[in-house]
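**Student:** This is the structure, below, for whatever I ask next.
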Amino acid sequence: MQYALMIYGEPGYMETLSDAEREAAYAEYFAFAQDERCVSAAQLQSAETATCVRVAGGRTLMTDGPFADTKEVLGGFCLVEAADLDEAIELAARIPAARFGGTVEVRPVMRF
Amino acid sequence: MLEEVFREQWGRVLASLVGFLGDVDRAEEAAQEAFTIAAQRWPTSGVPDNPVAWLVTAARNRAIDRIRRERTLAGKLHLLPAQEEIIEEFDDTRIKDERLELIFTCCHPALPLDGQVALTLRTLGGLRTAEIARAFLVSEETMKRRLTRAKNKIKATGIPFAVPGAHLLPERVDAVLAVIYLIYNEGYRGRIDLGAEAIRLGHVLALLMPEEPEVHGLLALMLIHHARRRARFSGDDLVLLDDQDRSLWDMRQITAGRAVLDRALALGGRGAYVVQAVIASLQTHERIDWPQVAVMYRRLADLTGSPVVELNHAVAIAQAGDPAAALRAVDRLDLDGYLYFHSTRGELLRRLGRDAEASTAYHRALELATSIPERRFLRRRLQQL
């Protein structure tokens, strides 16, 4: 089964870490992306770069900023292949943001 | 009589079907059908020697029929084994007991807690949706939605039907025990059915995980508490341990609880449930060894870090003969919004002859008391000052 792991955190939390912690976290992200169960992974640029798009009456409407105005923002995502939810949760728990006050939302991907 | 066989076998039959069909809903449907057929046949044909095997086979056959009929699933047909005959002399050992897998699925921490509780009672306890709804004082419709939501999440997210691996096992066992204890405590507040239900589940779990000390610890705790249920109330009034009529205690259940506790201790159990069971057991002795109870509460407080346990520890110190030390311990606690903090302070102050302060504490407790028996109890205490 495929699961999307969506990583939410407060912007700039990486800067609050010590150099050693930050380096270790980056190394872990890198190792995670290399794991064969990781189908794809991406880190997003800051929420200030977000544009929300809606279409109404054939017109494309745009607003500046992320979809929800919350303290925690979507900072990245991974698509993983896992046997079941337990394996997906174990992978999610390995994402460094999860232990630095962030949250990883695990959602199964729709199968067609 | 048939009803009893059904209640007894539902969990095993359902677990086996979930394992076979990989879907709780489908399994439930198939089990329901099999039990309906049994209800028609067994009164005349008699109960088969192996009711579980009979029911599982009948249910499998129905499920396979149903799946065959559903055209959308036609592509998956080749995965299904050939239909088995219902064999009356079916060998029970051929039907693997998969209740443990089912328990871990139902008590998966990714499910909402109320869903875990409801699903455990429905699938393993064999309670009907309406019965669970009544026990939790919600409408049948609400309970049905709660169950459906939990079942859908299991299916959609791939919650495994498996006993977790060794690295996950301790925390998942804790999760299962928490669900059973939650069910028990619902029963303890007056709805006895759920208490008995939790004990049944505890027995099943102890049978399936004979080497887990905390499993036995929880079962022992529930048995010993449950044995005293009839003595805890006089009419609507709460009766404290000291004043309980011991002839109302179920001594057989206490003995059974102690035997389970011995097993937990022999397995090296020193966890929170085992310690609570030890305390419960000590409190059923003719002369209660309060210093020992205090030692156990100390251990429990260290394990749980709970201020409420600290409060109980203080009570044990007072019972052991040192109300002044107990009061000092109580006054260190930050539990101002907690009824029993104030009633305990009141009691300790009364024993120390500080009636005016005791009265203030009891009045504060009265402000926090919501139930009529509690209020009546506190008023009586105030009058006695």
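Identifiers for the structure tokens are assigned positionally: chains receive A, B, ... in sequence, residues are indexed from 1 per chain, and ligands are indexed from 1 in the order shown.
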Based on DSSP run over this structure's backbone, return all residues of segment 3-92 of chain A in alpha helix (DSSP H), as a ChimeraX atom specification.

**Tutor:** /A:19-34,85-92

**Student:** Return as a PyMOL selection string the residues belonging to chain B that are within 7 Å of chain A, counting only C-alpha atoms.

**Tutor:** chain B and resi 157-160

**Student:** Within 10 Å of His363 of chain B, counting only C-alpha atoms, which residues qualify if same-chain residues fewer than 2 places away don't, as a ChimeraX atom specification?

**Tutor:** /B:342-343,346,357-361,365-369,378-379,382

**Student:** Have a look at B:Val117, B:Val204, B:Ala110, B:Val239 and name the one nearest to Met143 of chain B; count only C-alpha atoms.

**Tutor:**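 Residue with the minimum atom-to-atom distance to Met143 of chain B: B:Val117.
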
**Student:** Skip Arg258 of chain B itself and residues of its chain fewer than 3 positions away, then list as an mmCIF file with N, CA and C atoms, in the first residue's frame all residues within 7 Å of it, counting only C-alpha atoms.

**Tutor:**
```
data_model
loop_
_atom_site.group_PDB
_atom_site.id
_atom_site.type_symbol
_atom_site.label_atom_id
_atom_site.label_comp_id
_atom_site.auth_asym_id
_atom_site.auth_seq_id
_atom_site.Cartn_x
_atom_site.Cartn_y
_atom_site.Cartn_z
ATOM 1 N N ALA B 220 -6.459 -9.738 37.554
ATOM 2 C CA ALA B 220 -6.540 -9.884 39.019
ATOM 3 C C ALA B 220 -7.182 -8.647 39.636
ATOM 4 N N ILE B 254 -12.662 -13.262 44.842
ATOM 5 C CA ILE B 254 -11.430 -12.729 45.431
ATOM 6 C C ILE B 254 -10.326 -13.795 45.381
ATOM 7 N N THR B 255 -10.682 -15.011 45.731
ATOM 8 C CA THR B 255 -9.704 -16.111 45.682
ATOM 9 C C THR B 255 -9.191 -16.296 44.254
ATOM 10 N N LEU B 261 -3.267 -13.110 40.446
ATOM 11 C CA LEU B 261 -2.209 -12.202 40.887
ATOM 12 C C LEU B 261 -0.906 -12.960 41.173
ATOM 13 N N ASP B 262 -1.033 -14.127 41.808
ATOM 14 C CA ASP B 262 0.158 -14.944 42.081
ATOM 15 C C ASP B 262 0.886 -15.270 40.791
ATOM 16 N N SER B 281 -5.681 -6.540 46.647
ATOM 17 C CA SER B 281 -5.653 -7.786 47.396
ATOM 18 C C SER B 281 -5.370 -7.529 48.875
#
```

**Student:** Which residues come within 12 Å of Pro11 of chain A, counting only C-alpha atoms, excluding same-chain residues fewer than 3 positions away, as a list in words?

**Tutor:**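 Returned residues: Ile7, Tyr8, Met14, Glu15, Thr16, Leu44, Gln45, Ser46, Ala47, Glu48, Thr70, Lys71, Glu72, Val73, Leu74, Gly75, Gly76, Ala97, Phe100, Gly101 and Gly102 of chain A.
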
**Student:** Need to verify the contact set: segment 20-29 of chain A, 6 Å, only C-alpha atoms, exclusion of same-chain residues closer than 3 positions in sequence. Can you return it as a ChimeraX atom specification?

**Tutor:** /A:17,32,96

**Student:** Smallest atom-to-atom distance to Leu79 of chain A: which of A:Phe30, A:Gly9, A:Ala92, A:Leu61, using only C-alpha atoms?

**Tutor:**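 When distances to Leu79 of chain A are compared using only C-alpha atoms, the smallest one comes from A:Ala92.
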
**Student:** Would you please give, as a list in words, all residues of segment 19-93 of chain A that DSSP assigns to strand (DSSP E or B) based on the backbone?

**Tutor:**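 Taking segment 19-93 of chain A and keeping strand (DSSP E or B) gives Cys38, Val39, Ser40, Ala41, Ala42, Gln43, Thr51, Cys52, Val53, Arg54, Val55, Ala56, Arg59, Thr60, Leu61, Met62, Thr63, Asp64, Val73, Leu74, Gly75, Gly76, Phe77, Cys78, Leu79, Val80 and Glu81 of chain A.
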